[in-house]
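Participant: Next comes the structure file coords.txt, holding compact mmCIF, C-alpha atoms.
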```txt
# COMPACT_ATOMS: atom_id res chain seq x y z
CA MET A 1320 0.00 0.00 0.00
CA ALA A 1321 1.35 3.42 -1.01
CA LYS A 1322 2.07 5.91 1.76
CA ILE A 1323 -0.30 8.87 1.48
CA THR A 1324 1.22 12.19 2.52
CA ALA A 1325 -0.57 15.25 3.85
CA ALA A 1326 0.73 17.23 0.85
CA GLU A 1327 -0.93 14.78 -1.57
CA VAL A 1328 -4.21 14.96 0.32
CA ASN A 1329 -4.08 18.76 0.32
CA LYS A 1330 -3.33 18.84 -3.44
CA LEU A 1331 -6.34 16.63 -4.15
CA ARG A 1332 -8.52 18.77 -1.89
CA LYS A 1333 -7.51 21.94 -3.75
CA THR A 1334 -8.10 20.27 -7.12
CA THR A 1335 -11.54 18.85 -6.35
CA GLY A 1336 -12.88 20.85 -3.40
CA ALA A 1337 -13.64 17.60 -1.58
CA GLY A 1338 -13.16 17.19 2.18
CA MET A 1339 -9.83 16.10 3.64
CA MET A 1340 -11.06 12.64 4.71
CA ASP A 1341 -12.76 12.02 1.37
CA CYS A 1342 -9.50 12.92 -0.39
CA LYS A 1343 -7.43 10.71 1.86
CA ASN A 1344 -9.80 7.77 1.43
CA ALA A 1345 -9.81 8.24 -2.37
CA LEU A 1346 -6.00 8.26 -2.48
CA VAL A 1347 -5.86 5.14 -0.30
CA GLU A 1348 -8.35 3.39 -2.58
CA ALA A 1349 -6.36 4.51 -5.63
CA ASP A 1350 -3.10 3.30 -4.03
CA GLY A 1351 -1.69 6.81 -4.32
CA ASP A 1352 -2.59 7.34 -7.98
CA PHE A 1353 -3.67 11.01 -8.13
CA ASP A 1354 -5.71 10.82 -11.37
CA LYS A 1355 -7.43 7.63 -10.23
CA ALA A 1356 -8.30 9.32 -6.92
CA ILE A 1357 -9.94 12.17 -8.84
CA GLU A 1358 -11.95 9.63 -10.82
CA ILE A 1359 -13.04 7.91 -7.60
CA LEU A 1360 -14.30 11.22 -6.22
CA ARG A 1361 -16.14 11.97 -9.48
CA LYS A 1362 -17.85 8.59 -9.39
CA LYS A 1363 -18.93 9.38 -5.84
CA GLY A 1364 -20.40 12.61 -7.18
CA GLN A 1365 -22.29 10.70 -9.86
CA LYS A 1366 -23.81 8.40 -7.24
CA VAL A 1367 -24.89 11.31 -5.06
CA ALA A 1368 -26.26 13.18 -8.10
CA ALA A 1369 -28.35 10.15 -9.10
CA LYS A 1370 -29.79 9.89 -5.59
CA ARG A 1371 -30.66 13.58 -5.43
CA ALA A 1372 -31.92 14.05 -9.01
CA ASP A 1373 -35.51 14.62 -7.90
CA ARG A 1374 -34.64 17.13 -5.17
CA GLU A 1375 -35.65 20.80 -5.40
CA SER A 1376 -32.71 23.15 -6.08
CA SER A 1377 -34.40 26.50 -5.49
CA GLU A 1378 -31.53 28.12 -3.56
CA GLY A 1379 -28.18 29.21 -4.95
CA ALA A 1380 -26.46 32.24 -6.44
CA ALA A 1381 -27.60 34.36 -9.39
CA ILE A 1382 -24.66 36.09 -11.06
CA ALA A 1383 -24.48 38.62 -13.90
CA LYS A 1384 -21.28 39.31 -15.83
CA VAL A 1385 -20.50 41.81 -18.60
CA ASN A 1386 -17.53 41.75 -20.97
CA ASP A 1387 -14.82 44.41 -20.86
CA ALA A 1388 -16.31 46.27 -23.83
CA ASN A 1389 -19.77 46.41 -22.20
CA THR A 1390 -21.30 44.99 -25.37
CA ALA A 1391 -22.36 41.55 -24.11
CA GLY A 1392 -23.41 40.01 -20.84
CA VAL A 1393 -24.58 36.77 -19.29
CA VAL A 1394 -26.68 36.03 -16.25
CA ILE A 1395 -26.73 32.54 -14.74
CA SER A 1396 -27.84 30.88 -11.54
CA LEU A 1397 -25.86 28.13 -9.84
CA ASN A 1398 -28.57 26.30 -7.94
CA CYS A 1399 -28.39 24.19 -4.79
CA GLU A 1400 -30.85 22.83 -2.23
CA THR A 1401 -30.24 24.94 0.89
CA ASP A 1402 -29.57 28.55 1.80
CA PHE A 1403 -26.69 27.35 3.99
CA VAL A 1404 -24.76 26.13 0.94
CA ALA A 1405 -25.83 29.14 -1.17
CA LYS A 1406 -24.18 31.54 1.29
CA ASN A 1407 -20.91 29.62 1.43
CA ASP A 1408 -18.03 31.71 0.08
CA SER A 1409 -16.60 28.85 -1.99
CA PHE A 1410 -20.00 28.19 -3.59
CA VAL A 1411 -20.41 31.87 -4.53
CA ALA A 1412 -16.83 31.89 -5.86
CA LEU A 1413 -17.65 28.86 -8.04
CA ALA A 1414 -20.78 30.62 -9.33
CA ASN A 1415 -18.69 33.66 -10.28
CA GLU A 1416 -16.06 31.50 -11.97
CA MET A 1417 -18.73 29.72 -13.98
CA ALA A 1418 -20.39 33.03 -14.96
CA ASP A 1419 -17.02 34.30 -16.25
CA LEU A 1420 -16.77 31.20 -18.42
CA ALA A 1421 -20.41 31.47 -19.54
CA LEU A 1422 -19.66 34.83 -21.16
CA ASN A 1423 -17.98 32.88 -23.97
CA TYR A 1424 -21.00 30.71 -24.86
CA ASP A 1425 -24.34 31.46 -26.50
CA SER A 1426 -26.43 28.64 -25.07
CA LYS A 1427 -26.81 26.70 -21.84
CA ASP A 1428 -26.06 23.39 -23.59
CA ALA A 1429 -22.83 24.72 -25.12
CA PHE A 1430 -21.81 26.11 -21.74
CA LEU A 1431 -22.47 22.82 -19.92
CA SER A 1432 -20.22 21.06 -22.44
CA ALA A 1433 -17.45 23.67 -22.09
CA ASP A 1434 -14.07 22.88 -20.56
CA PHE A 1435 -13.76 23.77 -16.88
CA ASN A 1436 -10.19 23.11 -15.71
CA GLY A 1437 -9.89 19.85 -17.62
CA ILE A 1438 -13.45 18.57 -17.24
CA SER A 1439 -16.78 19.78 -18.60
CA VAL A 1440 -18.97 22.21 -16.67
CA GLN A 1441 -21.55 19.43 -16.28
CA GLU A 1442 -18.90 17.09 -14.86
CA LYS A 1443 -17.82 19.83 -12.45
CA LEU A 1444 -21.43 20.21 -11.27
CA THR A 1445 -21.64 16.45 -10.70
CA GLU A 1446 -18.32 16.51 -8.86
CA GLN A 1447 -19.53 19.32 -6.60
CA THR A 1448 -22.77 17.45 -5.92
CA GLY A 1449 -20.62 14.70 -4.43
CA VAL A 1450 -18.43 17.16 -2.52
CA ILE A 1451 -21.30 19.21 -1.06
CA GLY A 1452 -23.91 16.46 -0.78
CA GLU A 1453 -26.63 18.55 -2.44
CA LYS A 1454 -28.03 18.73 -5.95
CA ILE A 1455 -25.98 21.36 -7.81
CA GLU A 1456 -27.05 22.54 -11.26
CA ILE A 1457 -27.21 25.51 -13.59
CA GLY A 1458 -30.72 26.97 -13.39
CA GLY A 1459 -31.06 30.16 -15.39
CA PHE A 1460 -28.87 31.03 -18.37
CA GLU A 1461 -29.50 34.23 -20.34
CA LYS A 1462 -27.32 36.15 -22.80
CA LEU A 1463 -27.69 39.73 -24.02
CA SER A 1464 -25.83 41.87 -26.56
CA ALA A 1465 -26.29 45.59 -27.17
CA ALA A 1466 -24.39 48.81 -27.88
CA PHE A 1467 -24.02 49.09 -24.10
CA VAL A 1468 -24.76 46.39 -21.52
CA GLY A 1469 -25.00 46.91 -17.78
CA SER A 1470 -25.81 44.59 -14.90
CA TYR A 1471 -27.10 44.41 -11.34
CA ILE A 1472 -26.95 41.69 -8.69
CA HIS A 1473 -29.36 42.04 -5.80
CA ALA A 1474 -27.95 41.63 -2.28
CA GLY A 1475 -27.63 37.97 -1.38
CA ASN A 1476 -27.31 36.89 -5.03
CA LYS A 1477 -31.00 36.01 -5.24
CA ILE A 1478 -31.72 38.06 -8.40
CA ALA A 1479 -29.41 39.16 -11.21
CA THR A 1480 -30.26 41.27 -14.26
CA LEU A 1481 -28.80 42.60 -17.50
CA VAL A 1482 -29.96 45.66 -19.44
CA GLY A 1483 -29.06 46.66 -22.99
CA LEU A 1484 -28.99 50.27 -24.19
CA SER A 1485 -29.11 51.56 -27.76
CA ALA A 1486 -25.85 53.53 -27.45
CA ALA A 1487 -22.82 54.04 -25.26
CA VAL A 1488 -23.09 57.65 -24.08
CA ASP A 1489 -21.93 59.64 -21.09
CA GLY A 1490 -23.81 58.20 -18.16
CA SER A 1491 -24.61 54.84 -19.81
CA ALA A 1492 -23.14 52.86 -16.91
CA VAL A 1493 -25.33 54.62 -14.35
CA VAL A 1494 -28.46 54.39 -16.52
CA ALA A 1495 -27.95 50.71 -17.29
CA LYS A 1496 -27.43 49.87 -13.61
CA ASP A 1497 -30.48 51.90 -12.56
CA VAL A 1498 -32.69 50.16 -15.12
CA ALA A 1499 -31.22 46.76 -14.25
CA MET A 1500 -32.09 47.48 -10.61
CA GLN A 1501 -35.62 48.38 -11.74
CA ALA A 1502 -35.94 45.06 -13.58
CA ALA A 1503 -34.73 43.19 -10.51
CA ALA A 1504 -37.16 44.94 -8.16
CA MET A 1505 -40.27 45.16 -10.34
CA ASN A 1506 -40.04 41.92 -12.36
CA PRO A 1507 -41.56 43.21 -15.64
CA VAL A 1508 -43.10 40.64 -17.97
CA ALA A 1509 -41.61 42.28 -21.07
CA LEU A 1510 -39.60 45.25 -22.33
CA ASN A 1511 -42.64 47.02 -23.82
CA GLU A 1512 -46.17 46.37 -25.11
CA GLU A 1513 -44.88 44.65 -28.25
CA GLY A 1514 -42.99 42.13 -26.16
CA VAL A 1515 -46.01 40.88 -24.21
CA ASP A 1516 -47.16 37.47 -25.37
CA GLN A 1517 -50.64 37.48 -26.93
CA SER A 1518 -51.79 34.76 -24.54
CA VAL A 1519 -50.97 37.07 -21.61
CA ILE A 1520 -52.91 39.92 -23.24
CA ASP A 1521 -55.93 37.69 -23.88
CA LYS A 1522 -55.87 36.49 -20.29
CA GLU A 1523 -55.69 40.02 -18.89
CA ILE A 1524 -58.60 41.15 -21.06
CA GLU A 1525 -60.68 38.19 -19.93
CA ILE A 1526 -59.87 38.86 -16.26
CA ALA A 1527 -60.82 42.51 -16.70
CA LYS A 1528 -64.12 41.60 -18.37
CA ASP A 1529 -64.99 39.14 -15.60
CA GLN A 1530 -64.35 41.81 -12.98
CA LEU A 1531 -66.48 44.32 -14.87
CA ARG A 1532 -69.35 41.83 -15.18
CA GLN A 1533 -69.22 41.24 -11.44
CA GLU A 1534 -69.44 45.02 -10.97
CA GLY A 1535 -72.60 45.03 -13.10
CA LYS A 1536 -71.19 46.89 -16.11
CA PRO A 1537 -73.20 46.51 -19.36
CA GLU A 1538 -71.81 43.95 -21.80
CA ALA A 1539 -71.60 46.58 -24.55
CA MET A 1540 -69.13 48.62 -22.48
CA LEU A 1541 -66.81 45.77 -21.54
CA ASP A 1542 -64.44 45.91 -24.53
CA ASN A 1543 -63.61 49.61 -24.17
CA ILE A 1544 -63.18 49.49 -20.40
CA ALA A 1545 -61.08 46.31 -20.65
CA LYS A 1546 -58.78 48.05 -23.15
CA GLY A 1547 -58.27 50.81 -20.61
CA LYS A 1548 -57.38 48.26 -17.96
CA LEU A 1549 -54.97 46.64 -20.41
CA LYS A 1550 -53.15 49.95 -20.82
CA ARG A 1551 -52.75 50.03 -17.05
CA PHE A 1552 -51.38 46.48 -17.15
CA PHE A 1553 -48.77 47.55 -19.71
CA LYS A 1554 -47.83 50.54 -17.56
CA ASP A 1555 -47.34 48.39 -14.48
CA ASN A 1556 -45.72 45.37 -16.10
CA THR A 1557 -43.54 46.44 -19.04
CA LEU A 1558 -40.10 47.75 -18.16
CA VAL A 1559 -39.92 50.98 -20.16
CA ASN A 1560 -43.47 52.01 -19.18
CA GLN A 1561 -43.13 51.33 -15.46
CA ALA A 1562 -42.82 54.24 -13.03
CA PHE A 1563 -39.11 54.67 -12.35
CA ILE A 1564 -38.42 53.45 -8.80
CA LYS A 1565 -36.04 56.32 -8.04
CA ASP A 1566 -38.50 58.96 -9.29
CA SER A 1567 -42.10 57.78 -9.73
CA LYS A 1568 -43.05 61.01 -11.54
CA GLN A 1569 -41.40 59.68 -14.69
CA SER A 1570 -41.39 56.37 -16.52
CA VAL A 1571 -38.25 54.33 -17.09
CA ALA A 1572 -38.21 55.43 -20.73
CA GLN A 1573 -38.46 59.08 -19.69
CA TYR A 1574 -35.63 58.66 -17.20
CA VAL A 1575 -33.40 57.09 -19.87
CA GLN A 1576 -34.18 59.90 -22.33
CA SER A 1577 -33.43 62.52 -19.68
CA VAL A 1578 -29.80 61.39 -19.92
CA ASP A 1579 -29.77 61.37 -23.72
CA SER A 1580 -32.86 62.14 -25.83
CA ALA A 1581 -32.01 59.40 -28.34
CA LEU A 1582 -31.17 56.73 -25.78
CA GLU A 1583 -33.43 53.66 -25.47
CA VAL A 1584 -33.55 50.40 -23.54
CA THR A 1585 -33.25 47.64 -26.13
CA ASP A 1586 -33.55 44.51 -23.99
CA PHE A 1587 -33.25 43.03 -20.51
CA LYS A 1588 -32.70 39.64 -18.93
CA ARG A 1589 -33.60 38.59 -15.39
CA VAL A 1590 -32.78 35.43 -13.45
CA ALA A 1591 -34.22 34.89 -9.96
CA LEU A 1592 -34.01 32.03 -7.49
CA GLY A 1593 -37.00 30.38 -5.88
```
Kindly transcribe the structure held in the file into structure tokens.
Facilitator:
Amino acid sequence: MAKITAAEVNKLRKTTGAGMMDCKNALVEADGDFDKAIEILRKKGQKVAAKRADRESSEGAAIAKVNDANTAGVVISLNCETDFVAKNDSFVALANEMADLALNYDSKDAFLSADFNGISVQEKLTEQTGVIGEKIEIGGFEKLSAAFVGSYIHAGNKIATLVGLSAAVDGSAVVAKDVAMQAAAMNPVALNEEGVDQSVIDKEIEIAKDQLRQEGKPEAMLDNIAKGKLKRFFKDNTLVNQAFIKDSKQSVAQYVQSVDSALEVTDFKRVALG
């Protein structure tokens, strides 16, 4: 039997993130073979992942990242089962490391297949499931490109957002962050009226009509009144039409144009846990 040194155990721990005893036991089982010990730990992760596949992973860390040119961004969530794990510094660090990598990929599938220090992202998630003992997975994955992209991460990493602007102007960074904060806080269903799915519109009209009937309004008046209520729905639930949270006297669109009259919000992405 090979003699296992503390230095070898520590090296394996740093490589995999596994506990000291797990690393020592893996090295003993592998008779000191470092690569075989890593494989043993990964197989343990696969077993734990299979056992926990049906568990809820509604906790975690939502992270937004923007490239150096502020022309593209990604927002992902690294999900786990408990708030205790979600708040762990090493878990948050892993989420940030994965978000940095995700900037280079256009889809969740491509990202999960990407190389992460010699193994795929998916294999790393499985490995960490074994290390932590909880289901670990990528939940949300959203990309955004624009002339200027800004981001916001809500305290506690529960919500992360990206906002795209039509141009990079003086003050773009502040505007993009303010609007990204708005999207995080107010959870709009779409950027503007055109972005609202027709099924949502139909549902809102039907709800409005039902309420009006209960109030005793004549059937002939329902369509016009319901359209008025729909306008209110757009005002409350589409990002550019919402009242700006820092100054409710103006809409988000008006706030953006107060910085530059030609400036517009072109898109937003929001990922939230729970």
Participant: Tell me which protein, DNA and RNA residues are within 10 Å of stretch 1432-1447 of chain A, counting only C-alpha atoms, leaving out same-chain ones fewer than 4 positions away, and put them as JSON, numbers by chain.
Facilitator: {"A": [1334, 1335, 1336, 1337, 1357, 1358, 1360, 1361, 1362, 1363, 1364, 1365, 1366, 1367, 1368, 1369, 1397, 1398, 1410, 1413, 1416, 1417, 1420, 1421, 1423, 1424, 1427, 1428, 1451, 1452, 1453, 1454, 1455, 1456, 1457]}
Participant: Just how far from atom CA of A:Tyr1471 is atom CA of A:Ala1499, in Å to one decimal?
Facilitator: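 Taking atom CA of A:Ala1499 as the start and atom CA of A:Tyr1471 as the end point, the length is 5.6 Å.
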Participant: Mind pulling up the distance from atom CA of A:Ser1485 to atom CA of A:Arg1551?
Facilitator: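 Value for the atom CA of A:Arg1551-atom CA of A:Ser1485 distance: 26.0 Å.
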Participant: Under the rule of at most 12 Å, produce a per-residue listing of stretch 1529-1557 of chain A near stretch 1566-1584 of chain A: chain, number, name, the closest pair of atoms, and the distance in Å, as CSV, using only C-alpha atoms.
Facilitator:
```
residue,atom,partner,partner_atom,distance
A:Phe1553,CA,A:Ser1570,CA,11.9
A:Lys1554,CA,A:Ser1570,CA,8.7
A:Asp1555,CA,A:Ser1570,CA,10.2
A:Asn1556,CA,A:Val1571,CA,11.7
A:Thr1557,CA,A:Val1571,CA,9.7
```
Participant: Skipping near chain neighbours, those fewer than 4 positions away, what residues fall within 12 Å of A:Asp1521 using all atoms listed in the file, listed as a short mmCIF file (atom, residue, chain, number, x, y, z; two decimals) with C-alpha atoms, keeping the file's coordinate frame?
Facilitator:
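part_28.cif written:
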```
data_model
loop_
_atom_site.label_atom_id
_atom_site.label_comp_id
_atom_site.auth_asym_id
_atom_site.auth_seq_id
_atom_site.Cartn_x
_atom_site.Cartn_y
_atom_site.Cartn_z
CA VAL A 1515 -46.01 40.88 -24.21
CA ASP A 1516 -47.16 37.47 -25.37
CA GLN A 1517 -50.64 37.48 -26.93
CA GLU A 1525 -60.68 38.19 -19.93
CA ILE A 1526 -59.87 38.86 -16.26
CA ALA A 1527 -60.82 42.51 -16.70
CA LYS A 1528 -64.12 41.60 -18.37
CA ASP A 1542 -64.44 45.91 -24.53
CA ALA A 1545 -61.08 46.31 -20.65
CA LYS A 1546 -58.78 48.05 -23.15
CA LEU A 1549 -54.97 46.64 -20.41
CA PHE A 1552 -51.38 46.48 -17.15
#
```
Participant: Check the smallest atom-to-atom distance from each of A:Cys1399, A:Ala1405, A:Val1411, A:Val1450 to A:Arg1332 using all atoms listed in the file, then report the winner.
Facilitator: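 Of all the options, A:Val1450 lies closest to A:Arg1332.
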Participant: Rounded to one decimal place, report the atom CA of A:Gly1547-atom CA of A:Ala1504 distance in Å.
Facilitator: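 According to the coordinates, atom CA of A:Gly1547 and atom CA of A:Ala1504 are separated by 25.2 Å.
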Participant: Taking 4 positions as the minimum chain separation for residues in the same chain, which residues sit within 12 Å of A:Ala1479 when counting only C-alpha atoms? Answer as a PyMOL selection string.
Facilitator: chain A and resi 1379-1385+1392-1397+1418+1459-1461+1469-1475+1496+1499-1504+1506+1587-1592
Participant: Using all atoms of stretch 1469-1482 of chain A that appear in the file, construct an axis-aligned enclosing box with 4 Å of padding on every side and provide its centre coordinates and edge lengths in Å, rounded to one decimal, as lines of an AutoDock Vina configuration file.
Facilitator:
```
center_x = -28.4
center_y = 41.5
center_z = -10.4
size_x = 14.7
size_y = 18.9
size_z = 26.1
```
Participant: So, with all atoms listed in the file as the atoms that count, which of A:Val1498, A:Ala1414, A:Val1493, A:Ile1323 lies closest to A:Gly1458?
Facilitator: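 Ranking A:Val1498, A:Ala1414, A:Val1493, A:Ile1323 by distance to A:Gly1458, first place goes to A:Ala1414.
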Participant: Could you check which of A:Asp1497, A:Glu1513, A:Asp1425, A:Asp1529 is closest to A:Lys1462, using all atoms listed in the file?
Facilitator: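 That would be A:Asp1425, the residue with the smallest distance to A:Lys1462.
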Participant: For A:Ala1495, which of A:Thr1390, A:Asp1341, A:Ile1478, A:Ala1562 is the closest residue, counting only C-alpha atoms?
Facilitator: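 With only C-alpha atoms as the atom set, the closest residue is A:Thr1390.
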